[in-house]
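Below: query-v4.txt (compact mmCIF, C-alpha atoms)
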# COMPACT_ATOMS: atom_id res chain seq x y z
CA MET A 1 -160.29 -12.90 -0.38
CA ILE A 2 -158.39 -13.05 2.91
CA MET A 3 -158.36 -16.06 5.24
CA PHE A 4 -157.49 -15.63 8.91
CA GLY A 5 -156.91 -18.43 11.36
CA LYS A 6 -154.83 -19.34 14.35
CA PRO A 7 -151.51 -21.11 13.72
CA GLY A 8 -152.43 -24.72 13.02
CA ALA A 9 -156.08 -23.95 12.20
CA GLY A 10 -155.79 -25.41 8.69
CA LYS A 11 -155.44 -22.33 6.49
CA GLY A 12 -152.92 -24.04 4.23
CA THR A 13 -154.99 -27.21 3.87
CA LEU A 14 -158.22 -25.36 3.10
CA SER A 15 -156.58 -22.88 0.72
CA ALA A 16 -155.07 -25.80 -1.19
CA ARG A 17 -158.49 -27.47 -1.49
CA LEU A 18 -159.98 -24.27 -2.88
CA VAL A 19 -157.15 -23.83 -5.37
CA ASN A 20 -157.34 -27.46 -6.49
CA LYS A 21 -161.09 -27.33 -7.10
CA TYR A 22 -161.71 -23.77 -8.28
CA ASP A 23 -160.11 -21.26 -10.62
CA ILE A 24 -158.57 -19.23 -7.81
CA LEU A 25 -154.98 -18.23 -7.00
CA SER A 26 -153.32 -18.52 -3.60
CA LEU A 27 -150.74 -15.79 -3.04
CA SER A 28 -148.13 -16.34 -0.34
CA THR A 29 -146.39 -13.21 0.92
CA GLY A 30 -143.23 -15.19 1.62
CA ASP A 31 -143.16 -16.70 -1.88
CA LEU A 32 -143.74 -13.29 -3.50
CA LEU A 33 -140.96 -11.72 -1.44
CA ARG A 34 -138.49 -14.49 -2.36
CA GLN A 35 -139.44 -14.05 -6.02
CA HIS A 36 -138.78 -10.30 -5.91
CA ILE A 37 -135.40 -10.86 -4.24
CA ALA A 38 -134.42 -13.55 -6.77
CA GLU A 39 -135.46 -11.35 -9.71
CA ARG A 40 -133.63 -8.32 -8.27
CA THR A 41 -136.62 -5.99 -8.64
CA ASP A 42 -136.56 -2.57 -6.99
CA VAL A 43 -138.68 -3.70 -4.05
CA GLY A 44 -136.72 -6.97 -3.91
CA ARG A 45 -133.41 -5.17 -3.53
CA GLU A 46 -134.94 -2.84 -0.94
CA ALA A 47 -136.30 -5.77 1.06
CA GLU A 48 -133.06 -7.74 0.83
CA GLU A 49 -131.07 -4.80 2.19
CA ILE A 50 -133.47 -4.39 5.14
CA VAL A 51 -133.41 -8.11 5.96
CA ALA A 52 -129.61 -8.21 5.73
CA GLN A 53 -129.50 -5.49 8.40
CA GLY A 54 -131.62 -7.65 10.68
CA ARG A 55 -134.59 -5.27 10.58
CA LEU A 56 -138.25 -6.09 10.07
CA LEU A 57 -139.78 -5.09 6.76
CA PRO A 58 -141.90 -1.92 7.05
CA ASP A 59 -145.58 -2.31 6.20
CA GLU A 60 -145.12 -0.16 3.09
CA VAL A 61 -142.50 -2.53 1.68
CA VAL A 62 -144.61 -5.63 2.32
CA LEU A 63 -147.54 -3.83 0.69
CA LYS A 64 -145.43 -3.21 -2.45
CA VAL A 65 -144.52 -6.89 -2.57
CA VAL A 66 -148.16 -7.98 -2.39
CA THR A 67 -149.81 -5.33 -4.54
CA SER A 68 -147.27 -5.66 -7.35
CA LYS A 69 -148.83 -9.08 -7.92
CA LEU A 70 -152.44 -8.13 -7.22
CA ASP A 71 -152.27 -5.34 -9.78
CA GLN A 72 -151.33 -7.91 -12.44
CA ILE A 73 -154.30 -10.20 -11.78
CA GLN A 74 -157.22 -7.80 -11.45
CA ASN A 75 -159.53 -10.14 -13.37
CA LYS A 76 -158.66 -13.20 -11.28
CA HIS A 77 -159.96 -14.51 -7.96
CA TRP A 78 -157.29 -14.74 -5.27
CA ILE A 79 -156.61 -15.67 -1.64
CA LEU A 80 -153.98 -13.78 0.34
CA ASP A 81 -151.82 -15.92 2.62
CA GLY A 82 -149.77 -14.19 5.32
CA PHE A 83 -151.01 -10.65 4.71
CA PRO A 84 -152.28 -8.51 6.31
CA ARG A 85 -151.05 -9.44 9.79
CA THR A 86 -151.59 -6.10 11.54
CA LEU A 87 -154.22 -3.39 11.56
CA GLY A 88 -151.81 -1.02 9.83
CA GLN A 89 -151.25 -3.47 7.00
CA GLY A 90 -155.00 -4.01 6.67
CA GLU A 91 -155.61 -0.28 6.35
CA LEU A 92 -152.86 0.08 3.73
CA LEU A 93 -154.23 -2.85 1.72
CA HIS A 94 -157.78 -1.50 1.87
CA ALA A 95 -156.63 1.92 0.66
CA HIS A 96 -154.73 0.39 -2.26
CA LEU A 97 -157.56 -1.90 -3.36
CA LYS A 98 -160.02 0.96 -3.12
CA LYS A 99 -157.76 3.14 -5.27
CA GLN A 100 -157.50 0.35 -7.85
CA ASN A 101 -161.30 -0.14 -7.75
CA THR A 102 -160.79 -3.81 -6.83
CA PRO A 103 -162.31 -3.94 -3.33
CA LEU A 104 -161.96 -6.94 -1.07
CA THR A 105 -164.96 -9.26 -1.33
CA LEU A 106 -164.62 -11.86 1.41
CA VAL A 107 -162.83 -12.21 4.76
CA VAL A 108 -162.92 -15.65 6.36
CA ASN A 109 -161.97 -16.36 9.97
CA LEU A 110 -161.30 -20.01 10.85
CA ASP A 111 -162.36 -20.55 14.45
CA VAL A 112 -160.79 -23.76 15.77
CA PRO A 113 -160.73 -24.22 19.57
CA ASP A 114 -157.35 -23.56 21.19
CA GLU A 115 -157.31 -26.93 22.93
CA VAL A 116 -157.77 -28.71 19.59
CA ILE A 117 -154.84 -26.85 18.04
CA LEU A 118 -152.58 -27.41 21.01
CA SER A 119 -153.38 -31.13 21.02
CA ARG A 120 -152.62 -31.59 17.32
CA ILE A 121 -149.29 -29.76 16.99
CA SER A 122 -147.25 -32.65 18.38
CA ASP A 123 -148.51 -34.76 15.46
CA ARG A 124 -147.66 -32.18 12.80
CA TRP A 125 -144.91 -32.67 10.21
CA VAL A 126 -144.03 -30.39 7.30
CA HIS A 127 -142.34 -30.59 3.91
CA LEU A 128 -140.26 -27.42 4.17
CA PRO A 129 -139.60 -26.73 0.44
CA SER A 130 -143.33 -26.68 -0.43
CA GLY A 131 -144.93 -25.93 2.94
CA ARG A 132 -147.17 -29.03 2.69
CA ILE A 133 -148.36 -30.03 6.13
CA TYR A 134 -149.20 -33.51 7.40
CA ASN A 135 -150.74 -34.63 10.65
CA MET A 136 -150.33 -38.13 12.00
CA SER A 137 -153.83 -38.01 13.53
CA TYR A 138 -155.91 -37.19 10.46
CA ASN A 139 -153.74 -36.37 7.41
CA ARG A 140 -150.95 -38.94 7.38
CA PRO A 141 -148.40 -39.10 4.56
CA GLN A 142 -148.64 -42.13 2.29
CA VAL A 143 -145.14 -43.16 3.35
CA GLU A 144 -144.11 -42.53 6.95
CA GLY A 145 -141.85 -39.48 7.18
CA ARG A 146 -141.95 -38.72 3.43
CA ASP A 147 -143.71 -36.07 1.33
CA ASP A 148 -146.45 -37.55 -0.90
CA LEU A 149 -145.41 -35.68 -4.06
CA THR A 150 -141.61 -35.58 -3.90
CA GLY A 151 -140.70 -38.39 -1.51
CA GLU A 152 -138.44 -35.96 0.33
CA PRO A 153 -138.15 -36.16 4.13
CA LEU A 154 -140.60 -34.40 6.43
CA THR A 155 -139.41 -32.39 9.43
CA LYS A 156 -140.75 -30.92 12.65
CA ARG A 157 -140.98 -27.16 13.03
CA PRO A 158 -138.89 -25.90 15.97
CA ASP A 159 -141.88 -23.97 17.33
CA ASP A 160 -144.26 -26.93 17.25
CA ASN A 161 -144.36 -27.41 21.00
CA PRO A 162 -147.12 -26.36 23.44
CA GLU A 163 -145.16 -23.61 25.22
CA ILE A 164 -144.09 -21.75 22.08
CA PHE A 165 -147.43 -22.40 20.43
CA SER A 166 -149.29 -20.85 23.35
CA ARG A 167 -147.26 -17.68 22.85
CA ARG A 168 -148.04 -17.70 19.14
CA LEU A 169 -151.74 -17.99 19.91
CA SER A 170 -151.51 -14.98 22.25
CA GLN A 171 -149.76 -13.01 19.51
CA PHE A 172 -152.44 -14.05 17.03
CA TYR A 173 -155.24 -12.76 19.26
CA ALA A 174 -153.41 -9.48 19.87
CA SER A 175 -152.84 -8.77 16.17
CA THR A 176 -155.85 -10.37 14.50
CA SER A 177 -158.69 -9.25 16.79
CA PRO A 178 -158.26 -5.57 15.77
CA LEU A 179 -158.06 -6.64 12.12
CA LEU A 180 -161.30 -8.62 12.29
CA THR A 181 -163.01 -5.70 14.04
CA TYR A 182 -161.73 -3.39 11.29
CA TYR A 183 -163.10 -5.60 8.52
CA ARG A 184 -166.42 -6.11 10.29
CA ASN A 185 -166.78 -2.33 10.54
CA LEU A 186 -165.97 -2.03 6.83
CA ALA A 187 -168.52 -4.71 6.01
CA SER A 188 -171.26 -3.00 8.00
CA SER A 189 -170.54 0.47 6.61
CA ALA A 190 -169.58 -0.25 3.00
CA PRO A 191 -172.12 0.99 0.43
CA LEU A 192 -173.57 -1.44 -2.05
CA GLY A 193 -172.15 0.61 -4.89
CA HIS A 194 -170.59 3.91 -5.83
CA PRO A 195 -172.99 6.81 -5.09
CA HIS A 196 -172.80 7.99 -8.70
CA GLN A 197 -173.33 4.57 -10.27
CA HIS A 198 -176.43 3.81 -12.26
CA PRO A 199 -178.79 1.61 -10.15
CA HIS A 200 -178.37 -1.29 -12.58
CA GLN A 201 -174.61 -1.27 -11.91
CA LEU A 202 -174.84 -1.70 -8.16
CA SER A 203 -174.78 -5.47 -8.36
CA PHE A 204 -171.23 -5.28 -9.72
CA SER A 205 -169.93 -3.77 -6.44
CA PRO A 206 -170.70 -6.41 -3.83
CA ARG A 207 -170.57 -5.57 -0.15
CA LEU A 208 -167.65 -6.99 1.81
CA LYS A 209 -168.61 -10.19 3.63
CA VAL A 210 -166.95 -11.36 6.86
CA ARG A 211 -167.57 -14.99 7.81
CA THR A 212 -166.46 -16.94 10.89
CA LEU A 213 -166.32 -20.68 10.24
CA THR A 214 -166.21 -23.00 13.24
CA GLY A 215 -165.03 -26.59 13.49
CA LYS A 216 -162.42 -28.94 14.90
CA THR A 217 -161.04 -30.26 11.61
CA SER A 218 -160.59 -29.05 8.04
CA ASP A 219 -163.20 -31.56 6.90
CA GLU A 220 -165.76 -29.97 9.22
CA ILE A 221 -164.93 -26.46 8.04
CA TRP A 222 -164.62 -27.22 4.32
CA PRO A 223 -168.39 -27.32 3.49
CA GLN A 224 -168.88 -23.97 5.28
CA LEU A 225 -165.93 -22.46 3.42
CA GLU A 226 -167.12 -23.72 0.05
CA ARG A 227 -170.62 -22.29 0.61
CA SER A 228 -169.16 -18.92 1.67
CA VAL A 229 -166.86 -18.73 -1.35
CA LYS A 230 -169.56 -19.73 -3.84
CA SER A 231 -171.93 -17.17 -2.30
CA ALA A 232 -169.33 -14.39 -2.50
CA PHE A 233 -168.15 -15.33 -6.01
CA PRO A 234 -171.17 -16.65 -7.96
CA ALA A 235 -169.22 -16.65 -11.24
CA LEU A 236 -166.31 -18.67 -9.82
CA LYS A 237 -165.65 -21.67 -12.05
CA GLU A 238 -164.39 -25.10 -11.19
CA ARG A 239 -161.14 -26.19 -12.79
CA ALA A 240 -161.49 -28.22 -15.97
CA ALA A 241 -160.11 -31.38 -14.34
CA ASN A 242 -162.80 -31.27 -11.66
CA GLN A 243 -165.53 -30.66 -14.24
CA GLU A 244 -164.38 -33.68 -16.25
CA LYS A 245 -164.18 -35.83 -13.10
CA ARG A 246 -167.75 -34.84 -12.19
CA ARG A 247 -168.96 -35.49 -15.76
CA LEU A 248 -167.50 -39.00 -15.74
CA HIS A 249 -168.97 -39.66 -12.29
CA ASN A 250 -172.43 -38.53 -13.42
CA LEU A 251 -172.11 -40.58 -16.59
CA GLY A 252 -171.25 -43.65 -14.55
CA ASP A 253 -174.26 -43.09 -12.32
CA ALA A 254 -176.50 -42.70 -15.37
CA VAL A 255 -175.25 -45.96 -16.91
CA LEU A 256 -175.82 -47.83 -13.67
CA SER A 257 -179.33 -46.45 -13.28
CA GLU A 258 -180.26 -47.41 -16.83
CA SER A 259 -178.87 -50.94 -16.64
CA PRO A 260 -181.65 -53.58 -16.65
CA ARG A 261 -182.25 -55.13 -13.30
CA PRO A 262 -181.97 -58.92 -13.13
CA ALA A 263 -185.30 -60.66 -13.22
CA LEU A 264 -186.45 -62.45 -10.12
CA PHE A 265 -187.91 -65.91 -10.71
CA THR A 266 -190.18 -67.63 -8.28
CA GLU A 267 -191.57 -71.08 -8.41
Show me, as structure tokens, the structure contained in the file I just sent.
Amino acid sequence: MIMFGKPGAGKGTLSARLVNKYDILSLSTGDLLRQHIAERTDVGREAEEIVAQGRLLPDEVVLKVVTSKLDQIQNKHWILDGFPRTLGQGELLHAHLKKQNTPLTLVVNLDVPDEVILSRISDRWVHLPSGRIYNMSYNRPQVEGRDDLTGEPLTKRPDDNPEIFSRRLSQFYASTSPLLTYYRNLASSAPLGHPHQHPHQLSFSPRLKVRTLTGKTSDEIWPQLERSVKSAFPALKERAANQEKRRLHNLGDAVLSESPRPALFTE
């Protein structure tokens, strides 16, 4: 699964909610790259040398970073964060997944109005080590200026101002619009199964789905996202902690419903 969205649209918040509730992995391109560099892998050394020279990583190198992980988790559900960013990267990723017979299942585009994003960035604070994002308008930290989990200080991103953010939005439209068109074309042309498959096997090769989810806040978009994910991945399981929480909640409801009601006496 791939999730697109403008800067500040809530990709991180919504991905975290999916990962917390369901058995699904969120893969960050930046985290994977840092891991490769730290572990001194072949692609890590190659990337480190390119970055040290002040050059941008070629699409092929970024693809190696991402697919080295994807190839290890072929039986898991995953969300890609930060890749692909360009049409070229999307084409390379599609070719690799097709070769591995693990085609992309779902592409989600978060459509939050520009004016909403521009109005909220001044209220945004971030915990840099983890990437956790807070907003003073609707997602405040428990302690002012401190991360909920670590207690470490929150900071402002240098580019969280309207002028820079407007440029980032323009860049997003320029790079993402061709990508969304590419995936929509794939979704409309992809066969339901391999031409030589037995008819009873076609259900195991689902068609790519592209969904645009619209809203002003993550809470508005979340029910749409959850429905789209459950539709695309019918076998996706909730994490054990969530199942137990639901079981206890249902048990509590059952106990309350079975409790005898107090008698009403009238004279």
Quick one: residues within 6 Å of range 124-134 of chain A, only C-alpha atoms, excluding same-chain residues fewer than 3 positions away - as a list in words?
Ile121, Asn139, Arg140, Leu154, Thr155 and Lys156 of chain A
Spatial neighbours of Asp71 in chain A, 10 Å, all atoms listed in the file, chain gap at least 3 places, as a ChimeraX atom specification
/A:66-68,74-75,96-97,100,102
Residues just named, written with C-alpha atoms as a short mmCIF file (atom, residue, chain, number, x, y, z; two decimals), in the frame of the given file:
data_model
loop_
_atom_site.label_atom_id
_atom_site.label_comp_id
_atom_site.auth_asym_id
_atom_site.auth_seq_id
_atom_site.Cartn_x
_atom_site.Cartn_y
_atom_site.Cartn_z
CA VAL A 66 -148.16 -7.98 -2.39
CA THR A 67 -149.81 -5.33 -4.54
CA SER A 68 -147.27 -5.66 -7.35
CA GLN A 74 -157.22 -7.80 -11.45
CA ASN A 75 -159.53 -10.14 -13.37
CA HIS A 96 -154.73 0.39 -2.26
CA LEU A 97 -157.56 -1.90 -3.36
CA GLN A 100 -157.50 0.35 -7.85
CA THR A 102 -160.79 -3.81 -6.83
#
One decimal place gives the CA of Val108 in chain A-CA of Leu213 in chain A separation as 7.2 Å
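Distances to Ser218 in chain A were evaluated for A:Ala9, A:Leu57, A:Ala235, A:Leu18 using only C-alpha atoms, and the minimum falls at A:Ala9.
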With a distance cut-off of 10 Å and only C-alpha atoms, select the neighbouring residues of Gly30 in chain A, excluding the residue or stretch itself and same-chain residues fewer than 6 positions from it, and output the selection as a ChimeraX atom specification.
/A:62,65-66,81-83
For a test of reading the model, state the distance in Å between CA of Ile221 in chain A and CA of Gly12 in chain A, rounded to one decimal.
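Atom-to-atom, CA of Ile221 in chain A and CA of Gly12 in chain A are spaced 12.8 Å apart.
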Neighbour list for Glu115 in chain A as a VMD selection string, cut-off 12 Å, all atoms listed in the file, skip fewer than 6 positions in-chain:
chain A and resid 6 8 to 9 121 162 165 to 166 169 216
Which neighbours of Pro84 in chain A fall inside 10 Å, counting only C-alpha atoms, when residues of the same chain fewer than 2 positions from it are skipped, and could you give them as a list in words?
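Selected residues are Ile2, Met3, Phe4, Thr29, Asp59, Val62, Leu63, Val66, Leu80, Asp81, Gly82, Thr86, Leu87, Gly88, Gln89, Gly90, Glu91, Leu92, Leu93, His94, Ser175, Thr176 and Leu179 of chain A.
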By how many Å are CA of Met136 in chain A and CA of Pro158 in chain A apart?
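Interatomic distance, CA of Met136 in chain A to CA of Pro158 in chain A: 17.2 Å.
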